[in-house]
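Peer 1: This is the content of protein_23.cif (mmCIF, C-alpha atoms and all ligand atoms):
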```
data_protein
loop_
_atom_site.label_atom_id
_atom_site.label_comp_id
_atom_site.auth_asym_id
_atom_site.auth_seq_id
_atom_site.Cartn_x
_atom_site.Cartn_y
_atom_site.Cartn_z
CA MET Q 1 20.17 -1.58 87.97
CA LYS Q 2 20.54 -4.16 85.20
CA VAL Q 3 17.52 -6.32 84.39
CA LEU Q 4 17.66 -9.26 82.00
CA VAL Q 5 14.71 -10.51 79.96
CA VAL Q 6 15.06 -14.00 78.48
CA GLY Q 7 12.91 -14.83 75.45
CA HIS Q 8 11.99 -13.44 72.05
CA GLY Q 9 8.20 -13.63 71.79
CA ALA Q 10 5.40 -11.11 72.18
CA ARG Q 11 5.10 -12.13 75.85
CA GLU Q 12 8.71 -11.12 76.45
CA HIS Q 13 8.17 -7.95 74.41
CA ALA Q 14 5.37 -7.12 76.87
CA ILE Q 15 7.70 -7.78 79.85
CA ALA Q 16 10.44 -5.65 78.27
CA LYS Q 17 8.03 -2.84 77.42
CA LYS Q 18 6.85 -2.65 81.00
CA LEU Q 19 10.40 -2.68 82.39
CA ALA Q 20 11.53 -0.07 79.86
CA GLN Q 21 9.17 2.42 81.51
CA GLU Q 22 11.16 2.06 84.71
CA ASP Q 23 14.52 3.52 85.66
CA LEU Q 24 16.77 0.57 84.79
CA GLU Q 25 19.08 -0.84 82.16
CA LEU Q 26 17.43 -3.53 80.08
CA VAL Q 27 19.45 -6.47 78.77
CA ALA Q 28 17.89 -8.99 76.38
CA ALA Q 29 18.68 -12.65 75.72
CA MET Q 30 17.05 -14.15 72.64
CA SER Q 31 17.55 -17.07 70.25
CA ARG Q 32 16.15 -14.96 67.42
CA LEU Q 33 16.24 -11.17 67.31
CA ASN Q 34 12.90 -9.63 68.23
CA PRO Q 35 12.99 -6.08 66.80
CA GLY Q 36 10.56 -4.80 69.44
CA ILE Q 37 12.63 -6.03 72.38
CA ALA Q 38 15.89 -4.98 70.72
CA ALA Q 39 14.64 -1.41 70.31
CA LEU Q 40 14.00 -1.19 74.07
CA SER Q 41 17.23 -2.82 75.26
CA GLU Q 42 20.62 -1.33 76.00
CA SER Q 43 22.27 -4.58 75.00
CA VAL Q 44 21.11 -7.68 73.17
CA GLU Q 45 22.66 -11.14 73.14
CA VAL Q 46 21.49 -13.66 70.54
CA PHE Q 47 22.28 -17.30 71.40
CA ASP Q 48 20.48 -20.55 72.25
CA ILE Q 49 18.53 -19.36 75.28
CA ASN Q 50 17.67 -22.94 76.26
CA ASP Q 51 21.30 -23.74 77.04
CA PRO Q 52 22.12 -22.94 80.70
CA ALA Q 53 25.86 -23.05 79.92
CA GLU Q 54 25.49 -19.85 77.87
CA TYR Q 55 24.52 -17.67 80.81
CA GLY Q 56 27.93 -16.98 82.36
CA ARG Q 57 27.95 -13.65 80.48
CA PHE Q 58 25.15 -12.32 82.71
CA ARG Q 59 26.94 -12.47 86.08
CA ASP Q 60 26.60 -8.73 86.57
CA VAL Q 61 22.83 -8.66 86.12
CA ASP Q 62 20.74 -7.63 89.16
CA LEU Q 63 17.47 -9.34 88.30
CA ALA Q 64 16.26 -11.67 85.53
CA PHE Q 65 12.86 -12.50 84.07
CA VAL Q 66 12.66 -15.80 82.19
CA GLY Q 67 9.61 -15.71 79.90
CA PRO Q 68 9.18 -18.99 78.00
CA GLU Q 69 8.71 -22.53 79.28
CA ALA Q 70 11.64 -24.16 77.46
CA PRO Q 71 14.51 -22.34 79.27
CA LEU Q 72 12.68 -22.88 82.59
CA ALA Q 73 12.44 -26.60 81.83
CA MET Q 74 16.14 -26.67 80.90
CA GLY Q 75 17.24 -25.18 84.22
CA VAL Q 76 18.14 -21.64 83.14
CA SER Q 77 16.77 -20.20 86.40
CA ASP Q 78 18.92 -22.60 88.44
CA ARG Q 79 21.98 -21.55 86.46
CA LEU Q 80 21.30 -17.83 86.94
CA TRP Q 81 20.77 -18.26 90.70
CA GLU Q 82 24.09 -20.15 90.81
CA LEU Q 83 25.72 -17.12 89.19
CA GLY Q 84 24.22 -14.93 91.88
CA VAL Q 85 21.45 -13.53 89.69
CA PRO Q 86 18.00 -13.62 91.31
CA VAL Q 87 15.34 -14.87 88.92
CA VAL Q 88 11.63 -14.37 88.41
CA GLY Q 89 10.92 -17.78 86.89
CA ALA Q 90 10.69 -21.16 88.57
CA ARG Q 91 13.67 -23.44 88.98
CA LYS Q 92 13.65 -26.63 86.91
CA ALA Q 93 12.34 -28.86 89.70
CA LEU Q 94 9.32 -26.58 90.12
CA ALA Q 95 8.78 -25.66 86.47
CA ARG Q 96 8.08 -29.38 86.31
CA LEU Q 97 4.51 -28.42 87.14
CA GLU Q 98 4.23 -27.39 83.50
CA TRP Q 99 6.14 -30.08 81.70
CA SER Q 100 5.10 -33.07 83.74
CA LYS Q 101 1.39 -33.73 83.92
CA THR Q 102 2.02 -36.71 86.24
CA TYR Q 103 3.98 -34.51 88.66
CA THR Q 104 1.17 -31.96 88.85
CA ARG Q 105 -1.52 -34.57 89.41
CA GLN Q 106 0.61 -36.24 92.10
CA VAL Q 107 1.40 -32.99 93.96
CA VAL Q 108 -2.30 -32.10 94.02
CA GLN Q 109 -3.29 -35.59 95.13
CA GLU Q 110 -0.60 -36.09 97.76
CA HIS Q 111 -1.36 -32.79 99.48
CA GLY Q 112 -5.10 -33.38 99.54
CA ILE Q 113 -5.75 -30.35 97.32
CA SER Q 114 -9.06 -30.47 95.48
CA GLY Q 115 -9.15 -30.06 91.71
CA ASN Q 116 -7.92 -33.34 90.24
CA PRO Q 117 -10.29 -35.14 87.86
CA GLU Q 118 -10.22 -38.93 87.80
CA PHE Q 119 -6.96 -39.85 86.14
CA ALA Q 120 -4.52 -42.68 85.57
CA ILE Q 121 -0.82 -42.73 84.85
CA CYS Q 122 -0.52 -45.54 82.32
CA ARG Q 123 2.65 -47.41 81.44
CA SER Q 124 1.14 -50.35 79.54
CA ALA Q 125 -1.68 -51.31 77.19
CA GLU Q 126 -3.42 -53.03 80.12
CA GLU Q 127 -3.45 -49.83 82.16
CA VAL Q 128 -4.71 -47.81 79.20
CA ASP Q 129 -7.50 -50.32 78.55
CA ALA Q 130 -8.51 -50.45 82.22
CA PHE Q 131 -9.04 -46.67 82.30
CA LEU Q 132 -10.80 -46.54 78.93
CA LYS Q 133 -13.18 -49.31 80.06
CA ASP Q 134 -14.54 -47.04 82.80
CA HIS Q 135 -14.31 -43.68 80.99
CA GLU Q 136 -15.94 -43.06 77.66
CA GLU Q 137 -14.68 -39.52 77.20
CA VAL Q 138 -11.13 -38.65 78.13
CA ALA Q 139 -8.18 -36.33 77.68
CA VAL Q 140 -4.88 -37.99 76.74
CA LYS Q 141 -1.81 -36.06 77.91
CA PRO Q 142 1.83 -36.71 77.10
CA ASP Q 143 4.19 -36.27 80.04
CA VAL Q 144 6.63 -34.02 78.18
CA LEU Q 145 6.66 -30.40 76.93
CA THR Q 146 4.79 -30.44 73.62
CA GLY Q 147 4.36 -26.74 72.93
CA GLY Q 148 0.67 -27.01 73.78
CA LYS Q 149 -0.01 -29.47 71.00
CA GLY Q 150 0.17 -32.86 72.70
CA VAL Q 151 -3.12 -33.01 74.60
CA ARG Q 152 -5.93 -34.74 72.71
CA VAL Q 153 -9.53 -34.81 73.90
CA THR Q 154 -12.46 -37.04 72.95
CA GLY Q 155 -14.78 -35.21 70.59
CA ASP Q 156 -12.19 -32.55 69.72
CA HIS Q 157 -9.35 -34.62 68.32
CA LEU Q 158 -10.19 -38.21 69.20
CA ASN Q 159 -13.27 -39.63 67.54
CA SER Q 160 -13.34 -43.28 68.58
CA VAL Q 161 -12.06 -45.55 71.33
CA LYS Q 162 -9.72 -47.05 68.75
CA GLU Q 163 -8.21 -43.67 67.98
CA THR Q 164 -7.91 -42.80 71.68
CA ARG Q 165 -6.26 -46.09 72.48
CA GLY Q 166 -3.96 -45.73 69.49
CA TYR Q 167 -2.76 -42.28 70.59
CA ALA Q 168 -2.33 -43.33 74.22
CA LEU Q 169 -0.25 -46.35 73.21
CA GLU Q 170 1.81 -44.27 70.80
CA ARG Q 171 2.73 -41.97 73.71
CA VAL Q 172 3.50 -44.92 76.03
CA LYS Q 173 5.83 -46.27 73.37
CA GLN Q 174 7.48 -42.91 72.81
CA ASP Q 175 7.62 -41.54 76.38
CA GLY Q 176 7.24 -44.66 78.55
CA LEU Q 177 3.99 -43.39 80.04
CA VAL Q 178 0.93 -41.25 79.42
CA VAL Q 179 -1.70 -39.55 81.58
CA ILE Q 180 -5.36 -40.23 80.82
CA GLU Q 181 -8.07 -38.18 82.53
CA GLU Q 182 -11.83 -38.04 82.49
CA LYS Q 183 -13.05 -35.31 80.13
CA LEU Q 184 -14.28 -32.29 82.06
CA LYS Q 185 -17.24 -30.33 80.77
CA GLY Q 186 -17.89 -26.72 81.60
CA ARG Q 187 -16.41 -23.28 81.19
CA GLU Q 188 -12.64 -23.04 80.96
CA PHE Q 189 -10.84 -20.18 82.66
CA THR Q 190 -7.28 -19.27 83.48
CA LEU Q 191 -5.68 -17.46 86.39
CA GLN Q 192 -2.25 -15.89 86.24
CA ALA Q 193 -0.51 -15.05 89.48
CA PHE Q 194 2.77 -13.65 90.74
CA THR Q 195 4.15 -15.61 93.66
CA ASP Q 196 7.17 -15.37 95.95
CA GLY Q 197 6.60 -18.94 97.07
CA LYS Q 198 4.50 -17.85 100.02
CA ARG Q 199 1.89 -15.41 98.81
CA VAL Q 200 -0.06 -15.45 95.57
CA GLU Q 201 -1.13 -12.22 93.82
CA VAL Q 202 -3.71 -12.93 91.15
CA MET Q 203 -3.81 -10.77 88.03
CA PRO Q 204 -6.90 -9.71 86.08
CA LEU Q 205 -8.61 -12.63 84.35
CA VAL Q 206 -7.94 -13.03 80.63
CA ARG Q 207 -9.72 -15.26 78.16
CA ASP Q 208 -7.91 -16.44 75.07
CA PHE Q 209 -9.16 -17.73 71.71
CA LYS Q 210 -7.28 -20.86 70.74
CA ARG Q 211 -8.89 -21.79 67.42
CA ALA Q 212 -7.43 -20.48 64.18
CA TYR Q 213 -10.60 -19.18 62.51
CA ASP Q 214 -13.65 -17.08 63.28
CA GLY Q 215 -16.49 -18.76 65.14
CA ASP Q 216 -13.99 -20.84 67.14
CA LYS Q 217 -13.44 -23.02 64.09
CA GLY Q 218 -10.29 -24.63 62.76
CA PRO Q 219 -7.27 -26.13 64.40
CA ASN Q 220 -5.92 -25.19 67.83
CA THR Q 221 -3.16 -22.60 67.87
CA GLY Q 222 -0.96 -21.01 70.49
CA SER Q 223 -3.90 -18.54 70.70
CA MET Q 224 -5.22 -15.98 68.21
CA GLY Q 225 -6.16 -13.29 70.71
CA SER Q 226 -7.52 -12.51 74.13
CA PHE Q 227 -9.46 -10.01 76.21
CA SER Q 228 -9.86 -8.81 79.76
CA CYS Q 229 -12.64 -6.79 81.41
CA PRO Q 230 -12.50 -3.53 83.42
CA ASP Q 231 -13.62 -5.32 86.61
CA HIS Q 232 -10.83 -7.91 86.15
CA GLY Q 233 -13.35 -10.77 86.11
CA MET Q 234 -15.13 -12.68 83.34
CA PRO Q 235 -18.82 -12.07 82.63
CA ASP Q 236 -19.81 -15.74 82.78
CA LEU Q 237 -17.68 -16.77 85.71
CA PRO Q 238 -19.02 -16.69 89.27
CA LEU Q 239 -16.71 -15.20 91.87
CA GLU Q 240 -16.83 -18.47 93.85
CA ALA Q 241 -15.27 -20.32 90.93
CA VAL Q 242 -12.43 -17.77 90.75
CA GLU Q 243 -11.93 -18.04 94.50
CA LYS Q 244 -11.79 -21.81 94.29
CA GLY Q 245 -9.15 -21.56 91.55
CA ILE Q 246 -7.10 -19.15 93.67
CA GLU Q 247 -7.34 -21.51 96.64
CA ILE Q 248 -6.06 -24.41 94.51
CA MET Q 249 -3.11 -22.29 93.37
CA GLU Q 250 -2.35 -21.06 96.90
CA ARG Q 251 -2.39 -24.56 98.27
CA THR Q 252 -0.17 -25.80 95.46
CA VAL Q 253 2.43 -23.07 96.07
CA GLU Q 254 2.32 -23.85 99.79
CA ALA Q 255 2.70 -27.59 99.12
CA LEU Q 256 5.73 -27.01 96.88
CA SER Q 257 7.52 -24.57 99.14
CA GLY Q 258 8.12 -27.29 101.72
CA SER Q 259 9.91 -29.80 99.56
CA VAL Q 260 11.76 -28.49 96.53
CA GLY Q 261 12.36 -24.83 97.38
CA LEU Q 262 10.25 -21.74 96.90
CA TYR Q 263 8.25 -21.30 93.73
CA GLN Q 264 9.26 -17.78 92.69
CA GLY Q 265 7.79 -16.49 89.49
CA VAL Q 266 4.55 -16.59 87.60
CA LEU Q 267 2.08 -19.43 87.94
CA TYR Q 268 -0.65 -19.91 85.34
CA GLY Q 269 -3.53 -22.19 86.25
CA GLY Q 270 -5.98 -23.55 83.68
CA PHE Q 271 -9.30 -24.54 85.24
CA MET Q 272 -12.69 -25.91 84.27
CA ASN Q 273 -15.78 -24.67 86.10
CA THR Q 274 -18.15 -27.65 85.92
CA GLU Q 275 -21.49 -28.53 87.48
CA ARG Q 276 -19.50 -30.59 90.00
CA GLY Q 277 -17.12 -27.79 90.95
CA VAL Q 278 -13.81 -26.33 89.83
CA TYR Q 279 -11.17 -28.67 88.41
CA LEU Q 280 -7.54 -28.05 87.60
CA ILE Q 281 -6.68 -28.74 83.96
CA GLU Q 282 -3.04 -27.79 83.99
CA TYR Q 283 -0.37 -25.48 85.32
CA ASN Q 284 2.08 -23.43 83.33
CA ALA Q 285 5.18 -22.06 85.01
CA ARG Q 286 5.02 -18.74 83.13
CA PHE Q 287 2.76 -16.01 81.81
CA GLY Q 288 0.39 -17.02 79.03
CA ASP Q 289 1.03 -15.66 75.57
CA PRO Q 290 -0.89 -13.44 74.76
CA GLU Q 291 -2.38 -13.20 78.28
CA ALA Q 292 0.81 -11.49 79.50
CA ILE Q 293 0.20 -8.66 77.05
CA ASN Q 294 -3.26 -7.96 78.47
CA VAL Q 295 -2.23 -7.88 82.11
CA LEU Q 296 1.15 -6.19 81.85
CA ALA Q 297 -0.41 -3.30 79.92
CA LEU Q 298 -2.64 -2.74 82.95
CA LEU Q 299 -0.06 -3.30 85.69
CA GLU Q 300 0.43 -0.08 87.63
CA THR Q 301 2.96 -1.36 90.17
CA PRO Q 302 6.46 -1.18 88.66
CA LEU Q 303 7.35 -4.63 87.35
CA SER Q 304 10.88 -4.42 88.74
CA GLU Q 305 9.37 -3.80 92.18
CA VAL Q 306 7.17 -6.87 91.77
CA GLY Q 307 10.23 -8.82 90.58
CA TYR Q 308 12.37 -7.85 93.56
CA GLY Q 309 9.46 -8.67 95.84
CA ILE Q 310 9.25 -12.14 94.30
CA VAL Q 311 12.94 -12.98 94.66
CA GLU Q 312 13.23 -11.48 98.14
CA GLY Q 313 10.11 -13.19 99.51
CA ARG Q 314 8.13 -9.99 100.06
CA LEU Q 315 5.80 -9.83 97.08
CA PRO Q 316 3.95 -6.51 97.19
CA GLU Q 317 0.26 -6.06 96.51
CA THR Q 318 -0.10 -5.35 92.81
CA ARG Q 319 -2.37 -2.75 91.26
CA PHE Q 320 -3.91 -3.00 87.80
CA ALA Q 321 -5.80 -0.26 85.92
CA GLU Q 322 -9.55 -0.85 85.79
CA GLU Q 323 -9.72 -0.92 82.02
CA ALA Q 324 -10.54 -3.47 79.35
CA THR Q 325 -7.96 -4.90 76.96
CA VAL Q 326 -8.30 -6.75 73.64
CA CYS Q 327 -5.36 -8.41 71.97
CA VAL Q 328 -5.43 -9.65 68.35
CA TYR Q 329 -2.70 -11.79 66.84
CA LEU Q 330 -1.65 -11.59 63.20
CA THR Q 331 -0.20 -14.83 61.89
CA PRO Q 332 1.28 -15.96 58.58
CA GLU Q 333 -1.39 -17.11 56.12
CA GLY Q 334 -1.93 -20.85 56.51
CA TYR Q 335 -0.95 -20.86 60.20
CA PRO Q 336 -0.83 -23.21 62.06
CA VAL Q 337 -0.92 -26.06 59.53
CA ASN Q 338 0.93 -24.62 56.52
CA PRO Q 339 2.27 -21.21 57.49
CA LEU Q 340 3.71 -19.00 54.76
CA ARG Q 341 7.21 -18.32 55.98
CA ASP Q 342 9.71 -15.64 54.94
CA GLN Q 343 7.05 -13.19 53.80
CA PRO Q 344 7.65 -9.45 54.27
CA ILE Q 345 5.52 -7.56 56.77
CA GLU Q 346 5.07 -3.83 56.54
CA VAL Q 347 4.53 -2.46 60.01
CA GLY Q 348 2.71 0.87 59.70
CA GLU Q 349 1.69 3.34 62.39
CA THR Q 350 -0.91 2.15 64.83
CA ARG Q 351 -2.76 5.11 66.30
CA HIS Q 352 -5.08 3.37 68.70
CA SER Q 353 -3.21 0.27 69.79
CA GLU Q 354 0.21 -1.00 70.80
CA ILE Q 355 2.37 -3.31 68.69
CA TYR Q 356 4.06 -6.40 70.14
CA TYR Q 357 6.45 -8.37 67.97
CA ALA Q 358 6.25 -12.14 68.18
CA SER Q 359 7.96 -14.64 65.90
CA VAL Q 360 9.45 -12.51 63.12
CA TYR Q 361 12.96 -11.81 61.94
CA ASP Q 362 14.79 -8.92 60.40
CA ASP Q 363 16.10 -9.53 56.89
CA ASN Q 364 18.23 -6.51 56.01
CA GLY Q 365 15.74 -4.09 57.45
CA VAL Q 366 12.67 -6.02 56.28
CA VAL Q 367 10.54 -7.74 58.92
CA LYS Q 368 9.62 -11.26 57.80
CA THR Q 369 7.36 -14.08 58.95
CA THR Q 370 8.45 -17.39 60.42
CA GLY Q 371 6.16 -20.41 60.86
CA SER Q 372 4.69 -18.99 64.06
CA ARG Q 373 2.53 -16.04 65.14
CA SER Q 374 3.91 -12.73 63.86
CA ILE Q 375 2.58 -9.64 65.60
CA ALA Q 376 0.06 -8.89 68.35
CA LEU Q 377 -1.89 -5.65 68.65
CA LEU Q 378 -3.35 -4.53 71.96
CA GLY Q 379 -6.20 -2.07 72.42
CA ARG Q 380 -7.37 -0.77 75.77
CA GLY Q 381 -10.44 1.19 76.75
CA GLY Q 382 -13.18 1.82 79.28
CA THR Q 383 -15.16 -1.15 77.93
CA VAL Q 384 -14.30 -4.30 76.01
CA SER Q 385 -16.08 -2.98 72.92
CA GLU Q 386 -14.08 0.25 73.01
CA ALA Q 387 -10.80 -1.69 73.34
CA ARG Q 388 -11.94 -3.95 70.53
CA GLU Q 389 -12.79 -1.09 68.20
CA LYS Q 390 -9.37 0.41 68.77
CA VAL Q 391 -7.46 -2.72 67.98
CA TYR Q 392 -9.47 -3.57 64.88
CA SER Q 393 -9.19 0.00 63.56
CA ASP Q 394 -5.41 -0.50 63.42
CA VAL Q 395 -5.11 -4.05 62.23
CA GLY Q 396 -5.11 -2.99 58.55
CA ASN Q 397 -1.91 -0.99 59.11
CA ILE Q 398 0.07 -4.19 59.47
CA LYS Q 399 0.41 -5.34 55.88
CA GLY Q 400 1.53 -8.62 54.43
CA ARG Q 401 0.30 -12.14 53.75
CA LEU Q 402 -1.18 -12.37 57.21
CA HIS Q 403 -4.28 -13.81 58.81
CA TYR Q 404 -6.17 -12.73 61.92
CA ARG Q 405 -9.51 -13.51 63.53
CA THR Q 406 -12.14 -10.80 63.17
CA ASP Q 407 -14.22 -11.95 66.14
CA ILE Q 408 -11.87 -11.70 69.14
CA ALA Q 409 -13.95 -10.44 72.09
CA ALA Q 410 -17.02 -10.04 69.84
CA PRO Q 411 -20.31 -9.45 71.71
CA THR Q 412 -21.35 -13.10 71.20
CA TYR Q 413 -18.50 -14.10 73.51
CA LEU Q 414 -19.45 -11.57 76.16
CA SER Q 415 -23.16 -12.14 76.74
CA PHE Q 416 -24.21 -15.39 78.34
P1 LIG Q 501 -3.37 -28.57 78.44
O1 LIG Q 501 -2.17 -28.66 77.54
O2 LIG Q 501 -3.34 -29.45 79.62
O3 LIG Q 501 -3.76 -27.15 78.69
O4 LIG Q 501 -4.59 -29.04 77.58
C1 LIG Q 501 -4.94 -28.36 76.39
C2 LIG Q 501 -6.43 -28.22 76.36
O5 LIG Q 501 -7.05 -29.49 76.41
C3 LIG Q 501 -7.01 -27.46 77.55
O6 LIG Q 501 -6.93 -26.08 77.38
C4 LIG Q 501 -8.41 -27.98 77.58
O7 LIG Q 501 -9.22 -27.30 76.65
C5 LIG Q 501 -8.27 -29.41 77.12
N1 LIG Q 501 -8.23 -30.34 78.28
C6 LIG Q 501 -7.16 -30.73 78.98
N2 LIG Q 501 -7.51 -31.58 79.96
C7 LIG Q 501 -8.85 -31.74 79.87
C8 LIG Q 501 -9.82 -32.51 80.58
N3 LIG Q 501 -9.47 -33.31 81.60
N4 LIG Q 501 -11.09 -32.40 80.18
C9 LIG Q 501 -11.46 -31.63 79.15
N5 LIG Q 501 -10.61 -30.89 78.43
C10 LIG Q 501 -9.31 -30.94 78.78
N1 LIG Q 502 -2.28 -18.74 75.72
C1 LIG Q 502 -2.02 -19.99 76.30
C2 LIG Q 502 -0.65 -20.21 76.79
O1 LIG Q 502 0.19 -19.35 76.76
O2 LIG Q 502 -0.37 -21.30 77.23
#
```
Can you turn what I pasted into structure tokens?
Ligand code: AMP
Ligand code: GLY
Peer 2:
Amino acid sequence: MKVLVVGHGAREHAIAKKLAQEDLELVAAMSRLNPGIAALSESVEVFDINDPAEYGRFRDVDLAFVGPEAPLAMGVSDRLWELGVPVVGARKALARLEWSKTYTRQVVQEHGISGNPEFAICRSAEEVDAFLKDHEEVAVKPDVLTGGKGVRVTGDHLNSVKETRGYALERVKQDGLVVIEEKLKGREFTLQAFTDGKRVEVMPLVRDFKRAYDGDKGPNTGSMGSFSCPDHGMPDLPLEAVEKGIEIMERTVEALSGSVGLYQGVLYGGFMNTERGVYLIEYNARFGDPEAINVLALLETPLSEVGYGIVEGRLPETRFAEEATVCVYLTPEGYPVNPLRDQPIEVGETRHSEIYYASVYDDNGVVKTTGSRSIALLGRGGTVSEAREKVYSDVGNIKGRLHYRTDIAAPTYLSF
């Protein structure tokens, strides 16, 4: 059995690592060679993975996993299905949940699903002003894929009405429209689920740390680390809130399956638990990065079995080990604003944790940094503190001009 993994980040390294434990032949498609994935694969193809026309070479593959959002948004899943290759990863029309904020808000609204905040889709200065007149604090969201960097929120990035208006109008000019929402206040949480388009299997909850520096300071990043707990929940999150989030995801999958075809893949829901209830912030049509690393390390059901279940509409129940995980990302110094690129990294032995390669490249046998996150380490243990100790005891063995947060999953983030 030949299984293809598309993508070259740490998330795809986690997918490949899991599949490599199973009895199958792993094939990798990457735009940039990830040494971790390459070491696990029987064959590796390096090309522009966002170009559906490139995929003819994979006709003989039995099952594909598409990791990142960009190839999903470009229709790579559609192309693979056309070639007769079943895919874990939403087709373009459904991956739209991630790249179009207006689409998501409309699907939720039209199907009477709860979870939408007050929002407006604005196409003119008048529409922007009308919403801002009634809402002092807002989130401004471009309607295109922005690599997680396009959303700006009052108080975090926008410090006056003038600035908010300016950004909203800039996006209208650039994209033709923008979504503005009321700012939600509460505790953010995310749910990742496998779905075959009918049933939703939720994975253990993972919390990530988006800010670049300790104490949740500094600019937002793709995420500097993450943790999960042995009971698969989060200490500060009531079960009812999780159940509400699951219900919103189930109803969304059900709503989609009628119109555009089955949603088959991974759905990632970002939610806010507020005093007024649970609200949907966004959907992603993929695993989170690094959240994938946390959950896939714990997955006990073979991933290929889950994959076949997804594409054949008979998603099995999934089992996850009841252990804690802590993931810490090492990034180039200066990341994300002024990352030091092309710096050598010396990857030593890690005795207590697993290494996942992210955005690095091989320069004649030397691993080097790019402008993005470099390497993730994952520790697991009976408790979060045990998992944390393991990962931090190894972090010094990755040497180079790298930065990492020292407070991922620190006790201050676990007691509420
Ligand atoms: P998104 O790209 O939609 O995930 O947004 C990025 C981040 O912006 C989220 O993780 C939230 O922290 C924040 N955010 C998005 N929408 C809202 C909202 N309506 N209220 C408050 N914060 C939000
Ligand atoms: N860690 C957040 C994301 O992958 O979107």
Peer 1: Kindly assemble as JSON lines a list of the chain Q residues that lie within 6 Å of ligand LIG 502 (chain Q), each paired with its nearest atom pair and their distance in Å to one decimal, using all atoms listed in the file, sorted first by chain and then by ascending residue number.
Peer 2:
```
{"residue": "Q:Gly222", "atom": "CA", "partner": "Q:LIG502", "partner_atom": "N1", "distance": 5.9}
{"residue": "Q:Ser223", "atom": "CA", "partner": "Q:LIG502", "partner_atom": "N1", "distance": 5.3}
{"residue": "Q:Gly288", "atom": "CA", "partner": "Q:LIG502", "partner_atom": "O1", "distance": 3.3}
{"residue": "Q:Asp289", "atom": "CA", "partner": "Q:LIG502", "partner_atom": "O1", "distance": 4.0}
{"residue": "Q:Pro290", "atom": "CA", "partner": "Q:LIG502", "partner_atom": "N1", "distance": 5.6}
```
Peer 1: In Å, with one decimal, what is the gap from CA of Ile121 (chain Q) to CA of Val179 (chain Q)?
Peer 2: 4.6 Å
Peer 1: Can you tell me how far CA of Lys390 (chain Q) sits from CA of Ser226 (chain Q), in Å to one decimal?
Peer 2: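 Result for CA of Lys390 (chain Q) versus CA of Ser226 (chain Q): 14.1 Å, one decimal.
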Peer 1: Using only C-alpha atoms and all ligand atoms for the distances, tell me which of Q:Tyr413, Q:Phe227, Q:Tyr335, Q:Tyr283 is nearest to ligand LIG 501 (chain Q).
Peer 2: Q:Tyr283
Peer 1: Would you write out, as a Markdown table, a table of all residues in chain Q that have an atom no more than 8 Å from an atom of ligand LIG 501 (chain Q), listing for each the closest atom pair and the distance in Å to one decimal, considering all atoms listed in the file and ordering rows by chain and rising residue number?
Peer 2:
```
| residue | atom | partner | partner_atom | distance |
| --- | --- | --- | --- | --- |
| Q:Lys101 | CA | Q:LIG501 | O2 | 7.7 |
| Q:Pro117 | CA | Q:LIG501 | N3 | 6.6 |
| Q:Val138 | CA | Q:LIG501 | N4 | 6.6 |
| Q:Ala139 | CA | Q:LIG501 | C8 | 5.1 |
| Q:Val140 | CA | Q:LIG501 | N2 | 7.6 |
| Q:Lys141 | CA | Q:LIG501 | O2 | 7.0 |
| Q:Gly148 | CA | Q:LIG501 | O1 | 5.0 |
| Q:Lys149 | CA | Q:LIG501 | O1 | 6.9 |
| Q:Gly150 | CA | Q:LIG501 | O1 | 6.8 |
| Q:Val151 | CA | Q:LIG501 | O4 | 5.2 |
| Q:Arg152 | CA | Q:LIG501 | O5 | 6.5 |
| Q:Val153 | CA | Q:LIG501 | N5 | 6.1 |
| Q:Glu181 | CA | Q:LIG501 | N3 | 5.2 |
| Q:Glu182 | CA | Q:LIG501 | N3 | 5.4 |
| Q:Lys183 | CA | Q:LIG501 | N4 | 3.5 |
| Q:Leu184 | CA | Q:LIG501 | N4 | 3.7 |
| Q:Lys185 | CA | Q:LIG501 | C9 | 6.1 |
| Q:Glu188 | CA | Q:LIG501 | O7 | 7.0 |
| Q:Gly270 | CA | Q:LIG501 | O3 | 6.5 |
| Q:Met272 | CA | Q:LIG501 | C9 | 7.8 |
| Q:Ile281 | CA | Q:LIG501 | N2 | 5.0 |
| Q:Glu282 | CA | Q:LIG501 | O2 | 4.7 |
| Q:Tyr283 | CA | Q:LIG501 | O2 | 7.6 |
```
Peer 1: Please, what distance in Å, to one decimal, runs between CA of Ala358 (chain Q) and CA of Leu377 (chain Q)?
Peer 2: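 These atoms are spaced 10.4 Å apart.
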Peer 1: Pick out the residues sitting within 7 Å of Tyr404 (chain Q), and hand them over as a ChimeraX atom specification; count all atoms listed in the file, and ignore anything fewer than 2 positions along from it in its own chain.
Peer 2: /Q:329-331,402,406
Peer 1: Let me see the file: selected residues, C-alpha atoms, as an mmCIF file, in the frame of the given file.
Peer 2:
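File written: part-v2.cif
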```cif
data_model
loop_
_atom_site.group_PDB
_atom_site.id
_atom_site.type_symbol
_atom_site.label_atom_id
_atom_site.label_comp_id
_atom_site.auth_asym_id
_atom_site.auth_seq_id
_atom_site.Cartn_x
_atom_site.Cartn_y
_atom_site.Cartn_z
ATOM 1 C CA TYR Q 329 -2.700 -11.790 66.840
ATOM 2 C CA LEU Q 330 -1.650 -11.590 63.200
ATOM 3 C CA THR Q 331 -0.200 -14.830 61.890
ATOM 4 C CA LEU Q 402 -1.180 -12.370 57.210
ATOM 5 C CA THR Q 406 -12.140 -10.800 63.170
#
```
Peer 1: List the residues sitting within 7 Å of (23.1, -11.8, 74.4) in the file's frame, using all atoms listed in the file, as a list of chain:residue names.
Peer 2: Q:Ala28, Q:Ala29, Q:Met30, Q:Val44, Q:Glu45, Q:Val46, Q:Phe47
